[in-house]
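A.B. asks: Quick one, work_14.cif (mmCIF, C-alpha atoms):
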data_target
#
loop_
_atom_site.label_atom_id
_atom_site.label_comp_id
_atom_site.auth_asym_id
_atom_site.auth_seq_id
_atom_site.Cartn_x
_atom_site.Cartn_y
_atom_site.Cartn_z
CA MET A 1 57.12 162.73 -50.21
CA LEU A 2 54.62 165.12 -48.62
CA SER A 3 57.09 168.00 -48.74
CA THR A 4 57.80 167.28 -52.41
CA THR A 5 54.07 167.36 -53.18
CA VAL A 6 53.77 170.69 -51.38
CA ASP A 7 56.72 172.06 -53.35
CA ILE A 8 55.20 170.93 -56.66
CA ARG A 9 51.86 172.53 -55.84
CA ALA A 10 53.56 175.78 -54.85
CA TRP A 11 55.70 175.81 -57.99
CA LEU A 12 52.69 175.18 -60.22
CA ARG A 13 50.70 177.96 -58.53
CA ASP A 14 53.61 180.39 -58.89
CA ASN A 15 54.24 179.55 -62.55
CA ALA A 16 50.70 179.00 -63.82
CA ILE A 17 49.60 181.65 -66.32
CA ALA A 18 45.83 181.88 -66.51
CA ILE A 19 44.04 181.43 -69.82
CA ASP A 20 40.98 183.67 -69.81
CA SER A 21 39.09 181.89 -72.57
CA THR A 22 39.37 178.71 -74.60
CA GLU A 23 37.08 180.09 -77.31
CA PRO A 24 38.92 180.48 -80.64
CA ASP A 25 37.46 183.94 -81.25
CA SER A 26 38.59 185.29 -77.89
CA PRO A 27 40.25 188.73 -78.28
CA GLY A 28 42.34 188.15 -75.15
CA THR A 29 46.08 188.70 -75.11
CA GLU A 30 47.00 186.41 -72.22
CA LEU A 31 48.36 183.77 -74.64
CA ASP A 32 50.64 186.22 -76.43
CA GLY A 33 53.65 185.29 -74.31
CA LEU A 34 53.18 181.59 -75.00
CA ILE A 35 52.58 182.19 -78.69
CA ALA A 36 55.80 184.22 -78.90
CA ARG A 37 57.68 181.41 -77.15
CA LEU A 38 56.32 178.84 -79.61
CA ALA A 39 57.08 181.10 -82.57
CA THR A 40 60.83 180.43 -82.26
CA ALA A 41 60.21 176.86 -83.46
CA THR A 42 60.03 175.53 -87.01
CA VAL A 43 57.36 172.96 -86.11
CA VAL A 44 55.01 173.26 -83.14
CA GLY A 45 53.20 170.13 -81.97
CA LEU A 46 49.89 170.86 -80.25
CA GLY A 47 48.69 167.58 -78.78
CA GLU A 48 45.42 166.93 -76.96
CA SER A 49 44.81 164.29 -74.30
CA THR A 50 41.38 163.71 -75.85
CA ARG A 51 39.79 164.56 -79.17
CA PHE A 52 36.35 164.99 -77.63
CA SER A 53 36.77 168.24 -75.67
CA ARG A 54 35.52 171.56 -77.00
CA GLN A 55 37.86 173.43 -74.64
CA THR A 56 41.09 171.68 -75.59
CA PHE A 57 40.24 172.08 -79.28
CA GLY A 58 39.44 175.76 -78.73
CA VAL A 59 42.69 176.69 -77.01
CA ARG A 60 44.61 174.78 -79.67
CA GLU A 61 42.94 176.87 -82.36
CA ARG A 62 43.72 180.08 -80.47
CA LEU A 63 47.39 179.14 -80.60
CA LEU A 64 47.18 178.31 -84.31
CA ARG A 65 45.57 181.65 -85.11
CA GLY A 66 48.20 183.57 -83.16
CA LEU A 67 51.06 181.72 -84.83
CA VAL A 68 49.55 182.35 -88.27
CA GLU A 69 48.60 185.98 -87.79
CA ARG A 70 51.63 187.24 -85.92
CA HIS A 71 54.49 184.84 -86.54
CA GLY A 72 54.26 183.65 -90.12
CA PHE A 73 53.27 180.01 -89.68
CA ARG A 74 51.85 178.88 -93.00
CA ALA A 75 50.97 175.20 -92.73
CA LEU A 76 48.74 173.01 -90.60
CA ALA A 77 49.57 169.29 -90.41
CA ILE A 78 46.73 167.02 -89.31
CA GLN A 79 46.50 163.36 -88.43
CA ASP A 80 44.59 162.16 -91.45
CA SER A 81 45.39 160.68 -94.82
CA ALA A 82 47.00 162.63 -97.62
CA ARG A 83 43.76 162.33 -99.62
CA SER A 84 41.73 163.94 -96.85
CA GLY A 85 44.38 166.61 -96.28
CA GLU A 86 44.23 167.52 -99.98
CA ARG A 87 40.50 168.20 -99.67
CA TRP A 88 41.08 170.41 -96.62
CA ASP A 89 43.76 172.24 -98.58
CA ARG A 90 41.66 172.71 -101.70
CA PHE A 91 38.92 174.29 -99.63
CA VAL A 92 41.14 176.74 -97.75
CA THR A 93 43.19 177.70 -100.82
CA ALA A 94 40.61 177.57 -103.62
CA GLY A 95 37.23 177.39 -101.93
CA ALA A 96 36.55 173.92 -103.40
CA GLY A 97 33.41 172.44 -101.87
CA ASP A 98 32.27 173.38 -98.39
CA PRO A 99 33.61 172.44 -94.92
CA GLU A 100 30.88 169.89 -94.24
CA SER A 101 31.53 167.95 -97.45
CA VAL A 102 35.29 168.22 -96.93
CA LEU A 103 34.97 166.74 -93.45
CA ALA A 104 32.53 164.02 -94.52
CA GLY A 105 35.51 162.05 -95.86
CA ALA A 106 37.87 162.95 -93.02
CA TRP A 107 38.90 160.78 -90.10
CA ARG A 108 35.89 160.74 -87.81
CA PRO A 109 37.33 162.83 -84.91
CA TRP A 110 37.58 165.76 -87.34
CA ARG A 111 33.88 165.68 -88.25
CA THR A 112 32.82 168.40 -85.85
CA GLU A 113 31.46 171.91 -85.93
CA GLU A 114 34.74 173.01 -84.35
CA SER A 115 36.65 171.71 -87.38
CA VAL A 116 34.21 173.51 -89.67
CA ALA A 117 35.03 176.75 -87.86
CA THR A 118 38.75 176.08 -88.30
CA LEU A 119 38.37 175.59 -92.03
CA ARG A 120 36.23 178.71 -92.38
CA TRP A 121 38.76 180.80 -90.44
CA ILE A 122 41.71 179.61 -92.54
CA ARG A 123 39.72 180.15 -95.73
CA ALA A 124 38.90 183.72 -94.66
CA TYR A 125 42.55 184.34 -93.78
CA ASN A 126 43.65 183.08 -97.19
CA LEU A 127 41.13 185.25 -99.00
CA ALA A 128 42.62 188.25 -97.19
CA HIS A 129 46.20 187.08 -97.94
CA PRO A 130 46.03 185.48 -101.41
CA ASP A 131 49.78 185.73 -101.97
CA ASP A 132 50.73 184.14 -98.65
CA PRO A 133 48.17 181.40 -97.87
CA VAL A 134 48.01 178.87 -95.07
CA ARG A 135 48.19 175.31 -96.43
CA ILE A 136 46.92 172.06 -94.88
CA PHE A 137 48.22 168.52 -95.34
CA GLY A 138 47.61 165.07 -93.84
CA VAL A 139 50.58 163.30 -92.29
CA GLU A 140 49.31 159.78 -93.10
CA PRO A 141 49.77 158.16 -96.52
CA PRO A 142 46.84 157.98 -98.96
CA ARG A 143 44.36 155.42 -97.69
CA ALA A 144 41.04 153.89 -98.61
CA GLU A 145 37.83 155.86 -98.39
CA PRO A 146 34.16 154.87 -98.93
CA SER A 147 34.37 155.89 -102.60
CA ASP A 148 36.92 153.11 -103.19
CA TYR A 149 34.36 150.49 -102.18
CA ASP A 150 31.86 152.05 -104.57
CA THR A 151 34.38 151.96 -107.41
CA VAL A 152 35.07 148.26 -106.87
CA LEU A 153 31.38 147.37 -106.67
CA ASP A 154 30.48 149.46 -109.73
CA TYR A 155 33.08 147.56 -111.74
CA VAL A 156 31.82 144.16 -110.56
CA ARG A 157 28.24 145.21 -111.23
CA ARG A 158 29.17 145.86 -114.89
CA ALA A 159 31.74 143.14 -115.50
CA ALA A 160 30.48 140.19 -113.46
CA PRO A 161 27.08 140.82 -111.89
CA ASP A 162 26.92 137.17 -110.80
CA ARG A 163 29.87 137.81 -108.45
CA LEU A 164 28.50 141.04 -107.00
CA ALA A 165 26.76 139.51 -104.00
CA ALA A 166 29.85 137.54 -102.97
CA ILE A 167 32.19 140.54 -103.10
CA GLU A 168 29.65 142.89 -101.54
CA ALA A 169 29.27 140.45 -98.63
CA HIS A 170 32.92 141.08 -97.80
CA LEU A 171 32.93 144.83 -98.38
CA ALA A 172 29.64 145.81 -96.71
CA PRO A 173 30.65 145.03 -93.11
CA ILE A 174 34.16 146.43 -93.35
CA ARG A 175 33.31 149.80 -94.86
CA THR A 176 31.70 150.59 -91.49
CA ALA A 177 35.26 151.14 -90.20
CA HIS A 178 35.16 154.51 -91.96
CA GLN A 179 32.28 155.47 -89.69
CA VAL A 180 33.53 153.88 -86.46
CA ASP A 181 37.06 152.43 -86.27
CA GLU A 182 37.19 148.65 -86.10
CA HIS A 183 38.88 148.61 -82.70
CA VAL A 184 36.20 150.96 -81.38
CA GLN A 185 33.51 148.63 -82.72
CA ARG A 186 35.13 145.80 -80.78
CA HIS A 187 35.13 147.95 -77.65
CA GLN A 188 31.48 148.88 -78.13
CA GLY A 189 30.41 145.29 -78.80
CA THR A 190 29.09 146.10 -82.28
CA HIS A 191 31.78 144.31 -84.32
CA PRO A 192 30.36 141.56 -86.58
CA GLY A 193 33.09 139.11 -85.58
CA ARG A 194 35.48 138.32 -88.41
CA PRO A 195 38.57 140.56 -88.70
CA PHE A 196 38.03 143.18 -91.37
CA ALA A 197 41.46 142.56 -92.88
CA GLU A 198 40.39 138.97 -93.71
CA HIS A 199 37.25 140.19 -95.46
CA ALA A 200 39.36 142.65 -97.45
CA GLU A 201 41.78 139.88 -98.49
CA ASP A 202 38.92 137.68 -99.67
CA ALA A 203 37.31 140.49 -101.65
CA LEU A 204 40.61 141.15 -103.38
CA GLU A 205 41.08 137.45 -104.14
CA LEU A 206 37.62 137.23 -105.71
CA LEU A 207 38.36 140.28 -107.81
CA THR A 208 41.52 138.65 -109.24
CA THR A 209 39.41 135.84 -110.70
CA LEU A 210 37.50 138.21 -112.98
CA PRO A 211 38.55 138.77 -116.62
CA ASP A 212 41.87 140.57 -116.94
CA THR A 213 40.99 143.98 -118.41
CA GLY A 214 42.16 147.54 -117.94
CA GLU A 215 39.02 148.18 -115.95
CA ARG A 216 39.82 145.30 -113.64
CA ALA A 217 43.33 146.64 -113.10
CA SER A 218 41.85 149.92 -111.89
CA ALA A 219 39.42 148.10 -109.58
CA LEU A 220 42.29 146.02 -108.19
CA THR A 221 44.16 149.20 -107.30
CA HIS A 222 41.20 150.36 -105.21
CA ALA A 223 40.77 146.90 -103.67
CA ARG A 224 44.43 146.79 -102.64
CA MET A 225 44.06 150.18 -101.02
CA ILE A 226 41.07 148.82 -99.06
CA ARG A 227 43.10 145.76 -98.03
CA ASP A 228 46.03 147.88 -96.89
CA PHE A 229 43.73 150.19 -94.92
CA HIS A 230 42.45 147.27 -92.87
CA ARG A 231 45.85 145.57 -92.59
CA GLN A 232 47.32 148.75 -91.11
CA SER A 233 44.47 149.58 -88.76
CA VAL A 234 44.77 149.70 -84.98
CA ALA A 235 42.53 146.61 -84.86
CA SER A 236 45.11 144.69 -86.92
CA GLN A 237 48.36 146.15 -85.62
CA GLY A 238 47.55 147.58 -82.21
CA PHE A 239 48.62 151.00 -80.97
CA ALA A 240 52.34 150.22 -80.95
CA ARG A 241 53.80 151.40 -84.21
CA ASP A 242 56.53 153.68 -85.42
CA GLU A 243 55.36 156.96 -86.95
CA ARG A 244 58.59 157.82 -88.72
CA PRO A 245 56.79 158.01 -92.10
CA SER A 246 54.46 160.67 -90.71
CA ALA A 247 57.41 162.64 -89.37
CA GLU A 248 59.10 162.40 -92.77
CA THR A 249 55.96 163.82 -94.38
CA VAL A 250 56.13 166.84 -92.07
CA LEU A 251 59.86 167.28 -92.62
CA GLU A 252 59.57 166.99 -96.39
CA TRP A 253 56.78 169.58 -96.46
CA GLN A 254 58.95 171.93 -94.41
CA ARG A 255 62.01 171.37 -96.59
CA SER A 256 60.13 171.82 -99.85
CA THR A 257 58.09 174.89 -98.85
CA GLY A 258 60.16 176.51 -96.11
CA ALA A 259 56.93 176.96 -94.15
CA LYS A 260 56.73 176.98 -90.39
CA ILE A 261 54.23 174.29 -89.40
CA VAL A 262 51.66 173.71 -86.67
CA TYR A 263 51.03 170.01 -86.12
CA TRP A 264 47.68 168.93 -84.60
CA ASP A 265 47.34 165.46 -83.13
CA GLY A 266 46.86 163.55 -79.90
CA LEU A 267 49.56 164.19 -77.32
CA ALA A 268 50.73 160.57 -77.58
CA HIS A 269 51.72 161.46 -81.16
CA THR A 270 53.14 164.95 -80.57
CA THR A 271 55.24 164.24 -77.48
CA SER A 272 58.97 164.59 -78.03
CA LEU A 273 59.68 161.18 -76.46
CA PRO A 274 58.53 157.64 -77.15
CA ILE A 275 55.72 156.59 -74.84
CA VAL A 276 54.55 153.40 -73.22
CA PHE A 277 50.86 152.70 -73.79
CA GLY A 278 49.77 149.64 -71.85
CA THR A 279 52.73 147.30 -72.31
CA ALA A 280 53.89 148.51 -75.74
CA GLU A 281 56.30 151.27 -76.72
CA PHE A 282 55.05 153.76 -79.27
CA ARG A 283 57.29 156.11 -81.22
CA GLY A 284 55.11 158.99 -82.28
CA THR A 285 55.69 161.59 -84.94
CA GLY A 286 56.84 164.16 -82.39
CA SER A 287 59.67 161.97 -81.11
CA HIS A 288 61.12 161.76 -84.62
CA LEU A 289 60.63 165.49 -85.18
CA ARG A 290 62.57 166.25 -81.99
CA THR A 291 65.37 163.92 -83.11
CA GLU A 292 65.60 165.65 -86.50
CA LEU A 293 64.90 169.25 -85.49
CA GLY A 294 66.15 169.46 -81.92
CA GLU A 295 64.85 172.59 -80.21
CA ARG A 296 63.28 173.71 -83.48
CA TYR A 297 60.50 171.29 -82.60
CA VAL A 298 58.39 172.39 -79.63
CA SER A 299 55.77 170.18 -78.05
CA VAL A 300 52.71 171.39 -76.13
CA GLY A 301 50.48 168.97 -74.23
CA ILE A 302 46.86 170.05 -73.75
CA GLY A 303 44.89 168.16 -71.11
CA PHE A 304 42.01 168.48 -68.70
CA HIS A 305 40.96 167.53 -65.18
CA HIS A 306 37.40 166.21 -65.51
CA GLY A 307 34.17 166.65 -67.39
CA ASP A 308 31.74 165.61 -70.09
CA LEU A 309 33.18 164.18 -73.31
CA GLY A 310 29.86 163.33 -74.90
CA ALA A 311 30.10 159.54 -75.00
CA ALA A 312 31.42 159.44 -71.44
CA VAL A 313 32.03 161.60 -68.40
CA ALA A 314 35.62 161.53 -67.21
CA PRO A 315 36.09 161.65 -63.42
CA ASN A 316 38.87 163.44 -61.60
CA PRO A 317 42.21 161.99 -62.73
CA GLN A 318 43.94 159.22 -60.86
CA PRO A 319 46.17 160.67 -58.10
CA ASP A 320 49.41 159.43 -59.68
CA LEU A 321 48.82 161.32 -62.94
CA VAL A 322 50.39 164.66 -63.82
CA ASP A 323 46.84 165.83 -64.55
CA ALA A 324 45.97 165.42 -60.86
CA ALA A 325 48.89 167.62 -59.81
CA LEU A 326 47.92 170.23 -62.40
CA GLY A 327 44.40 170.18 -61.00
CA GLU A 328 45.67 171.51 -57.68
CA VAL A 329 45.80 174.95 -59.29
CA GLU A 330 42.37 176.55 -58.92
CA LEU A 331 42.12 178.11 -62.37
CA PRO A 332 39.62 177.28 -65.13
CA ALA A 333 42.50 177.03 -67.61
CA TYR A 334 46.20 177.85 -67.55
CA TYR A 335 49.56 176.97 -69.00
CA VAL A 336 52.92 176.28 -67.42
CA ASP A 337 56.37 176.26 -69.01
CA LEU A 338 58.09 173.05 -67.91
CA HIS A 339 61.50 174.65 -68.44
CA ALA A 340 60.92 177.46 -65.96
CA ALA A 341 63.36 177.58 -63.04
CA ALA A 342 62.42 175.17 -60.28
CA PRO A 343 63.84 174.13 -56.89
CA GLU A 344 65.49 170.74 -56.70
CA PRO A 345 62.51 168.62 -55.57
CA VAL A 346 60.35 170.10 -58.33
CA HIS A 347 63.15 169.82 -60.87
CA ASP A 348 63.46 166.12 -60.05
CA TRP A 349 59.71 165.73 -60.62
CA LEU A 350 59.90 167.58 -63.94
CA ILE A 351 62.74 165.52 -65.35
CA GLY A 352 61.51 162.26 -63.86
CA PRO A 353 59.09 159.67 -65.27
CA ALA A 354 55.46 160.68 -65.61
CA LYS A 355 51.99 159.39 -66.43
CA LEU A 356 49.45 161.52 -68.28
CA ARG A 357 45.79 160.91 -68.95
CA THR A 358 44.80 160.04 -72.53
CA ILE A 359 41.23 159.32 -73.55
CA SER A 360 40.54 157.65 -76.89
CA GLY A 361 37.51 156.23 -78.62
CA VAL A 362 37.73 153.07 -76.49
CA TYR A 363 37.64 154.95 -73.18
CA ASP A 364 35.67 153.33 -70.36
CA PRO A 365 35.23 155.40 -67.16
CA ALA A 366 35.15 152.14 -65.20
CA ALA A 367 38.70 151.48 -66.42
CA ASP A 368 39.91 155.06 -66.00
CA ALA A 369 43.03 153.85 -64.19
CA THR A 370 44.31 152.41 -67.49
CA ALA A 371 43.63 155.52 -69.60
CA ASN A 372 47.12 156.96 -69.57
CA ILE A 373 50.52 156.98 -71.18
CA ARG A 374 53.92 156.68 -69.49
CA LEU A 375 56.93 158.83 -70.27
CA SER A 376 60.52 158.59 -69.14
CA SER A 377 60.70 162.36 -68.49
CA LEU A 378 57.89 164.92 -68.34
CA ALA A 379 60.00 167.96 -69.27
CA ASP A 380 61.78 166.11 -72.07
CA ALA A 381 58.44 165.04 -73.51
CA PHE A 382 56.70 168.44 -73.39
CA ASP A 383 57.95 171.99 -73.33
CA VAL A 384 54.64 173.44 -72.15
CA LEU A 385 51.52 171.96 -70.58
CA ILE A 386 48.06 173.50 -70.86
CA HIS A 387 45.46 172.41 -68.33
CA VAL A 388 41.70 172.90 -68.61
CA ARG A 389 39.78 172.23 -65.43
CA GLU A 390 36.41 171.13 -66.85
CA THR A 391 35.50 170.02 -70.34
CA THR A 392 32.34 169.90 -72.43
CA PRO A 393 31.88 167.87 -75.63
CA VAL A 394 32.72 168.86 -79.16
CA HIS A 395 29.73 169.27 -81.47
CA TRP A 396 29.48 166.47 -84.00
CA LEU A 397 28.26 167.22 -87.49
CA SER A 398 24.75 165.91 -87.94
CA GLN A 399 25.43 164.42 -91.37
CA VAL A 400 28.37 162.03 -91.27
CA SER A 401 29.36 160.08 -94.36
CA ASP A 402 29.96 156.35 -94.14
#
What's the structure tokens form of this structure?
C.D. replies:
Amino acid sequence: MLSTTVDIRAWLRDNAIAIDSTEPDSPGTELDGLIARLATATVVGLGESTRFSRQTFGVRERLLRGLVERHGFRALAIQDSARSGERWDRFVTAGAGDPESVLAGAWRPWRTEESVATLRWIRAYNLAHPDDPVRIFGVEPPRAEPSDYDTVLDYVRRAAPDRLAAIEAHLAPIRTAHQVDEHVQRHQGTHPGRPFAEHAEDALELLTTLPDTGERASALTHARMIRDFHRQSVASQGFARDERPSAETVLEWQRSTGAKIVYWDGLAHTTSLPIVFGTAEFRGTGSHLRTELGERYVSVGIGFHHGDLGAAVAPNPQPDLVDAALGEVELPAYYVDLHAAAPEPVHDWLIGPAKLRTISGVYDPAADATANIRLSSLADAFDVLIHVRETTPVHWLSQVSD
């Protein structure tokens, strides 16, 4: 085992290609080789091990910019609802609104200054290339937003003010899930107690007892969207789900537009293989894209060794994680092609089962040993790994909509 570990370390040192800067505006050319390798794909999945690192976000944007500017990629797919993605798209294509207001209704991990910079860069690119713009779309179906709660309450306020307090009592606690996910509230100990999906069901039931009018029908549509949002949440369904619908959204966009697509998500979603998270299997979008596209889908995992994530400080990774092996290379940031030639002991490690660190909104440093995913084969799951040694937090927007 010791000799195998030595071989892996030596192979990583020999094949690691240093990344000089993780800043999106870096003029460096050291990523050009990787960008050219990714450019052969139709869809490139760029997956982070955490959504709270400025450095992993920055290197991901550097890759996006290179693929757009030099290799004709013309779409960015994000993990968010179709409604949110449409707002992103309207800003970058038509200048509708401003990045801060666009992101106010986005999934909370996107509400950062780093995302603002991404939107501004794409908007500037599109202004310079009006006949060949970059588009943005969300891979999730349309889902409830805070405005839907307002629509329901405005209707009740007009049609049945005597029922307003009863319905508002159900909607007020659950709309907080648009600020902090319900499962995160449970983790933080701030959850009010009753499952949000039950509140949503009761609100909908109360609404059905009001006079049957066209206005009520519209309010019911919004109330059903709220109910479905909470029914389909991680708090209700857990992490184990099948993301085939998200993959179909990406594939349909590609078929209908012909665009080459960069897909941004967590690496559990972008990996080319199903994963095991805890005791449950999870089939992410990337696994379906690999099945449909074969080698035309390329997956890049972007992780880190240790550092400040804002809400928590992540220690050095557990010794059995791939991240720990990657940390043996003394570089601030680098990438390694997992399909590079390797001697037999290293090849066995590359094609064998692996565990990678993943840090979500429910991360607890005291339970760091559980913050990982399991894969049946490292090199079948990812084509390239990017490793950042030390991380600092993303910058949250000061005004965040509820």
A.B. asks: Run the PyMOL selection byres ((chain A and resi 67-76) around 6) mentally over the shown coordinates, then write out the matched residues as a list in words, using the chain letters and numbers from the document.
C.D. replies: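 With the PyMOL selection byres ((chain A and resi 67-76) around 6) on this model, the match is Leu64, Arg65, Gly66, Ala77, Val134, Arg135, Ile136, Ala259, Lys260, Ile261, Val262 and Tyr263 of chain A.
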A.B. asks: Separation of CA of Tyr363 in chain A and CA of Asp337 in chain A, in Å?
C.D. replies: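 Value for the CA of Tyr363 in chain A-CA of Asp337 in chain A distance: 28.7 Å.
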A.B. asks: Just checking: using all atoms listed in the file, which residue out of A:Asp228, A:Asp323, A:Glu330, A:Asp308 ends up closest to Ala144 in chain A?
C.D. replies: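 Closest to Ala144 in chain A of all the choices is A:Asp228.
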A.B. asks: Let me make sure I understand: among A:Glu140, A:Glu243, A:Glu281, A:Glu30, which one has the smallest atom-to-atom distance to Leu63 in chain A if we use all atoms listed in the file?
C.D. replies: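 With all atoms listed in the file as the atom set, the closest residue is A:Glu30.
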A.B. asks: If we count only C-alpha atoms, what is near Pro142 in chain A at a cut-off of 7 Å, once residues fewer than 2 positions away on the same chain are taken out, given as a VMD selection string?
C.D. replies: chain A and resid 81 to 83 140
A.B. asks: Dump C-alpha atoms for the selected residues as a PDB file, in the coordinates of the input?
C.D. replies:
ATOM      1  CA  SER A  81      45.390 160.680 -94.820  1.00  0.00           C
ATOM      2  CA  ALA A  82      47.000 162.630 -97.620  1.00  0.00           C
ATOM      3  CA  ARG A  83      43.760 162.330 -99.620  1.00  0.00           C
ATOM      4  CA  GLU A 140      49.310 159.780 -93.100  1.00  0.00           C
TER       5      GLU A 140
END
A.B. asks: In Å, with one decimal, what is the gap from CA of Val346 in chain A to CA of Leu326 in chain A?
C.D. replies: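 These atoms are spaced 13.1 Å apart.
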A.B. asks: Please evaluate the PyMOL selection byres ((chain A and resi 14) around 12) against the structure above and give the resulting residues as a ChimeraX atom specification.
C.D. replies: /A:7-13,15-18,328-330,334-337,340-342
A.B. asks: Report as lines of an AutoDock Vina configuration file the centre and the edge lengths, in Å to one decimal, of the axis-aligned box holding every listed atom of range 381-384 of chain A, padded by 8 Å on each side.
C.D. replies:
center_x = 56.5
center_y = 169.2
center_z = -72.8
size_x = 19.8
size_y = 24.4
size_z = 17.4
A.B. asks: Hey, which of A:Thr209, A:Ser287, A:Thr279, A:Ser115 ends up closest to Ile78 in chain A? Count all atoms listed in the file.
C.D. replies: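 Closest residue, counting all atoms listed in the file: A:Ser115.
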A.B. asks: Just the number, please: distance in Å from CA of Gly310 in chain A to CA of His395 in chain A, one decimal.
C.D. replies: 8.9 Å
A.B. asks: Between A:Thr221, A:Thr118, A:Thr285, A:Thr190, which is the closest to Thr208 in chain A once you count all atoms listed in the file?
C.D. replies: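 Between A:Thr221, A:Thr118, A:Thr285, A:Thr190, the residue approaching Thr208 in chain A most closely is A:Thr221.
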A.B. asks: Using the chain letters and numbers from this file, what does the PyMOL selection byres ((chain A and resi 38) around 10) select? Give the answer as a list in words.
C.D. replies: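 Those residues are Asp32, Gly33, Leu34, Ile35, Ala36, Arg37, Ala39, Thr40, Ala41, Thr42, Val43, Val44, Gly45, Leu63, Leu67, His71, Val262, Arg296, Tyr297, Val298, Ser299, Val300, Asp383 and Val384 of chain A.
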A.B. asks: Would you mind telling me which residue in A:Pro315, A:Gly266, A:Pro192, A:Pro146 lies nearest to His222 in chain A when using only C-alpha atoms?
C.D. replies: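 The closest residue to His222 in chain A is A:Pro146.
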A.B. asks: What would the list of residues within 9 Å of (35.4, 162.9, -96.1) (file frame) look like as a list in words, if all atoms listed in the file are what count?
C.D. replies: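 Those within range, by chain then number, are Ser84, Arg87, Glu100, Ser101, Val102, Leu103, Ala104, Gly105, Ala106, Trp107, Arg108, Arg111, Glu145, Pro146, Val400, Ser401 and Asp402 of chain A.
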A.B. asks: Around (49.1, 160.9, -65.7), as given in the file, which residues come within 7 Å? Count all atoms listed in the file and list them as a ChimeraX atom specification.
C.D. replies: /A:320-323,354-357,372-373
A.B. asks: Do a neighbour search on Ala169 in chain A at 12 Å with all atoms listed in the file, toss out local chain neighbours closer than 4 positions, and write the hits as a VMD selection string.
C.D. replies: chain A and resid 149 153 163 to 165 173 to 175 196 199 to 200 202 to 203 206
A.B. asks: I'd like to know which of A:His183, A:His387, A:His347, A:Arg374 is closest to Ala325 in chain A, using all atoms listed in the file.
C.D. replies: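 Of all the options, A:His387 lies closest to Ala325 in chain A.
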A.B. asks: Skipping near chain neighbours, those fewer than 4 positions away, what residues fall within 7 Å of range 91-98 of chain A using only C-alpha atoms, listed as a ChimeraX atom specification?
C.D. replies: /A:87,102,119,122-123,126,133
A.B. asks: Excluding range 22-25 of chain A and any residue of its chain fewer than 6 positions from it, enumerate the residues within 8 Å of it, using only C-alpha atoms, and give them as an MDAnalysis selection string.
C.D. replies: chainID A and resid 55:56 58:59 61:62 333
A.B. asks: So which residues touch Arg120 in chain A within 8 Å, counting all atoms listed in the file, skipping near sequence neighbours fewer than 4 positions away, as a PyMOL selection string?
C.D. replies: chain A and resi 92+99+116+124
